[in-house]
Amino acid sequence: MALMVGTAGAFFLWSLEGVTRLRFAEPRLLFLLPLVGMAVAWLYERYGGEAGRGSDLILDRIEQGGMLPRRMAPLVLVGTLATHLCGGAAGREGTALQMGAGLAALMARALRVEGDGLRLLWMTGMAAGFGAVFGTPIAAALFAVEVAVVGRPKWRALPVCWMAAWLANQTCLAWGAEHERYAIGAPATGWNPVVVGKMLLAGLCFGVVGLLFVRASRAVAAGIKVWVPRPLWRPALGGLIVIGLYFLCGRADYLGLGLWSPDPAAGSLRSFLAGDAAQPWAWAWKFAFTLATLACGFKGGEVTPLFFIGAALGNVLAGCLGLPTDWCSAAGLVAVFAATSKAPLACCLMGIELFGIAHALPLALVCGVAFACSGKAGIYASQQWRIPVCGRWRGRA
C-alpha cells in the first residue's frame, strides 16, 4: 500500500507543479473556475456517493469501522488538479489523505481485511499519503494517530503508521519528486522572559486566527447550503467570488497553493520563510480567498492555505514584536495548523522536520499556546474531542 501511495504521491506532486506553471503562463484560466467547479461538482454528484464527504468520512471509518469507496482517490485527484489549474485557493492535504485511504481501500478489498484491521489500514493510508506529499514521515505518522480523536491518540498504530509514511516518502523521492526544505535563523539571540512573552503573544495571535478560520469556514459553508440548495451551483458562486476578490485586491498572490511565484515581488510561502516582508493584510486576503474556494465545495484541502496564512501573519507579527522575520513566519506556519487541525504534537514534529531540531522548544511553545486558545472546533467536522473538561468527557466539537 505504501509503495502505491508513494507512487501516486509523486504523480500528484508532478501534476500539481505542472498545472500551477500552466496557470501562471495562462492567467485567463481563472475565468474558467466557476465552470470547472460545476464540472467537478457534477462528477461527485453523479459518481461520488460517500466519497464527497472527503477526509471526514475517513475519520468516521477510523472510529466506527467500515469500508471506504475506491473511487475516493481518483475523484479527489481530478478535483484538486482542476481547482489549482484555474486558480482556486485550495491545498493538497485533503488530497493526500484521501488518496492514501482510497488506495488502502483497494488493498482492503484485495486482501479481505475486516474489523480492526480496516481501522489500522485507514490510519496507515492517511500516514502514507501525508508523508509522501509533505515529506515529513514522522509528523505524518503522529498526525494519523492523533487527528481522529483529540486527547486520545491511537498509540498502538504509531509504529506501523511510521513505517508506511517512511516507505511512501522514500518511494516518492525515488521517483524524483522533491519536497521543499527551509533554512531559518534562531528565534532570538537569547532566552529571557521578554522573548518568551513575545512567543506566547505570537502563539495567542495564531490561535485566535485559527479559531476565526474554523468558525468562519463552518458559518460560510452552512450559509452557502441555505442560499444555494443545489450542490452543482455552489462552486459556480465560489468561483465568481474568487474572481471578484482577485479584481478587488489586484494581486494574484492569493490564488492557488501560494508556495511560490515567478514574480519576485509576489508574496508566497517561500518568500515569507526567506525573510522577505509580507503585505500587512496578506494573511487576511488569503483567508478570504480560501473561504470562498473551500466553503463552496472545491477540492484540495485547507492545510497549505493555512500555512500561507500563518506564515504571512507571523511575518507581520515579527515586525511588531521584534522577533526574526523568518523564524516568526515558520512558527506561524505550524501554529495555525496546530490550532485548526487539533494535532499539536504532529504540527510541532512537522516544524522540526522542516526547520531543524534546534527549533523544537520554541515551536512546541508556540504550537501549544495556539492549540490551547483555539477552542474545540477544528477543520474536520467528524473529529472527536476526548479531553476531560471540569471532570467530564466532551464529545464531538
# chains A, B, ... in the order shown; residues from 1 in each chain; ligands from 1
call {"tool": "residues_around", "arguments": {"residues": "Arg71 in chain A", "least_positions_apart": "5", "cutoff": "8 Å", "atoms": "only C-alpha atoms", "output": "number ranges by chain"}}
result
A: 48, 51, 102
call {"tool": "write_last_selection", "arguments": {"atoms": "N, CA and C atoms", "output": "compact mmCIF listing (two decimals), in the first residue's frame"}}
result
# COMPACT_ATOMS: atom_id res chain seq x y z
N GLY A 48 -19.80 10.20 -6.99
CA GLY A 48 -19.06 10.27 -5.73
C GLY A 48 -19.65 9.48 -4.59
N ALA A 51 -17.95 9.37 -1.05
CA ALA A 51 -16.62 9.97 -1.23
C ALA A 51 -16.68 11.49 -1.15
N GLY A 102 -7.92 5.98 -0.05
CA GLY A 102 -8.58 5.36 -1.19
C GLY A 102 -7.78 4.18 -1.74
call {"tool": "select_by_dssp", "arguments": {"residues": "range 191-265 of chain A", "states": "alpha helix (DSSP H)", "output": "VMD selection string"}}
result
chain A and resid 193 to 227 234 to 249
call {"tool": "residues_around", "arguments": {"residues": "Glu146 in chain A", "least_positions_apart": "4", "cutoff": "12 Å", "atoms": "only C-alpha atoms", "output": "count of residues only"}}
result
31
call {"tool": "closest_residue", "arguments": {"among": "A:Arg23, A:Arg270, A:His359, A:Lys225", "to": "Asn315 in chain A", "atoms": "only C-alpha atoms"}}
result
A:Arg270
call {"tool": "closest_residue", "arguments": {"among": "A:Leu259, A:Leu294, A:Val78, A:Ala183", "to": "Gly275 in chain A", "atoms": "only C-alpha atoms"}}
result
A:Ala183
call {"tool": "residues_around", "arguments": {"residues": "Val220 in chain A", "least_positions_apart": "3", "cutoff": "9 Å", "atoms": "only C-alpha atoms", "output": "number ranges by chain"}}
result
A: 215-217, 223-225, 291-292, 295-296
call {"tool": "residues_around", "arguments": {"residues": "Gly117 in chain A", "least_positions_apart": "3", "cutoff": "12 Å", "atoms": "only C-alpha atoms", "output": "PyMOL selection string"}}
result
chain A and resi 61-62+65-67+104-105+107-109+111-114+120-124+157+160
call {"tool": "write_last_selection", "arguments": {"atoms": "C-alpha atoms", "output": "short mmCIF file (atom, residue, chain, number, x, y, z; two decimals), in the first residue's frame"}}
result
data_model
loop_
_atom_site.label_atom_id
_atom_site.label_comp_id
_atom_site.auth_asym_id
_atom_site.auth_seq_id
_atom_site.Cartn_x
_atom_site.Cartn_y
_atom_site.Cartn_z
CA ARG A 61 -14.38 4.99 9.45
CA ILE A 62 -11.39 5.02 11.81
CA GLY A 65 -15.23 0.85 11.18
CA GLY A 66 -16.48 0.05 7.71
CA MET A 67 -15.19 0.19 4.15
CA ALA A 104 -5.76 1.46 1.09
CA ALA A 105 -9.35 0.55 0.24
CA MET A 107 -5.78 -3.36 -0.58
CA ALA A 108 -8.58 -3.96 1.92
CA ARG A 109 -10.80 -5.48 -0.75
CA LEU A 111 -6.87 -8.98 0.97
CA ARG A 112 -10.37 -9.14 2.50
CA VAL A 113 -9.39 -7.12 5.56
CA GLU A 114 -12.14 -6.70 8.13
CA LEU A 120 -5.47 0.33 11.07
CA LEU A 121 -5.35 0.34 7.28
CA TRP A 122 -7.14 3.69 7.07
CA MET A 123 -4.65 5.24 9.50
CA THR A 124 -1.65 3.85 7.63
CA ALA A 157 -0.85 2.17 15.50
CA VAL A 160 3.10 0.76 11.51
#
call {"tool": "residues_around", "arguments": {"residues": "Ala236 in chain A", "least_positions_apart": "2", "cutoff": "9 Å", "atoms": "only C-alpha atoms", "output": "list in words"}}
result
Leu33, Pro34, Leu35, Val36, Gly37, Met38, Leu232, Trp233, Arg234, Gly238, Gly239, Leu240, Ile241 and Cys296 of chain A
call {"tool": "residues_around", "arguments": {"residues": "Ser382 in chain A", "least_positions_apart": "4", "cutoff": "8 Å", "atoms": "only C-alpha atoms", "output": "list of chain:residue names"}}
result
A:Asp56, A:Leu57, A:Leu59, A:Asp60, A:Ala148, A:Arg396
call {"tool": "write_last_selection", "arguments": {"atoms": "C-alpha atoms", "output": "PDB file, in the first residue's frame"}}
result
ATOM      1  CA  ASP A  56     -14.377  13.437   7.428  1.00  0.00           C
ATOM      2  CA  LEU A  57     -15.509  10.085   6.054  1.00  0.00           C
ATOM      3  CA  LEU A  59     -12.141   9.861  10.382  1.00  0.00           C
ATOM      4  CA  ASP A  60     -15.600   8.324  10.816  1.00  0.00           C
ATOM      5  CA  ALA A 148      -9.270  11.310  14.705  1.00  0.00           C
ATOM      6  CA  ARG A 396     -17.739  15.849  19.043  1.00  0.00           C
TER       7      ARG A 396
END
call {"tool": "atom_distance", "arguments": {"atom1": "CA of Gly319 in chain A", "atom2": "CA of Val195 in chain A"}}
result
13.8 Å
call {"tool": "closest_atom_pairs", "arguments": {"of": "range 45-153 of chain A", "to": "range 174-182 of chain A", "cutoff": "9 Å", "atoms": "only C-alpha atoms", "output": "Markdown table"}}
result
| residue | atom | partner | partner_atom | distance |
| --- | --- | --- | --- | --- |
| A:Val133 | CA | A:His179 | CA | 7.9 |
| A:Phe134 | CA | A:His179 | CA | 6.7 |
| A:Gly135 | CA | A:His179 | CA | 5.9 |
call {"tool": "atom_distance", "arguments": {"atom1": "CA of Leu323 in chain A", "atom2": "CA of Lys376 in chain A"}}
result
29.1 Å
call {"tool": "closest_residue", "arguments": {"among": "A:Ser55, A:Thr304, A:Gln279, A:Thr7", "to": "Val316 in chain A", "atoms": "only C-alpha atoms"}}
result
A:Gln279
call {"tool": "atom_distance", "arguments": {"atom1": "CA of Gly94 in chain A", "atom2": "CA of Asp326 in chain A"}}
result
26.8 Å
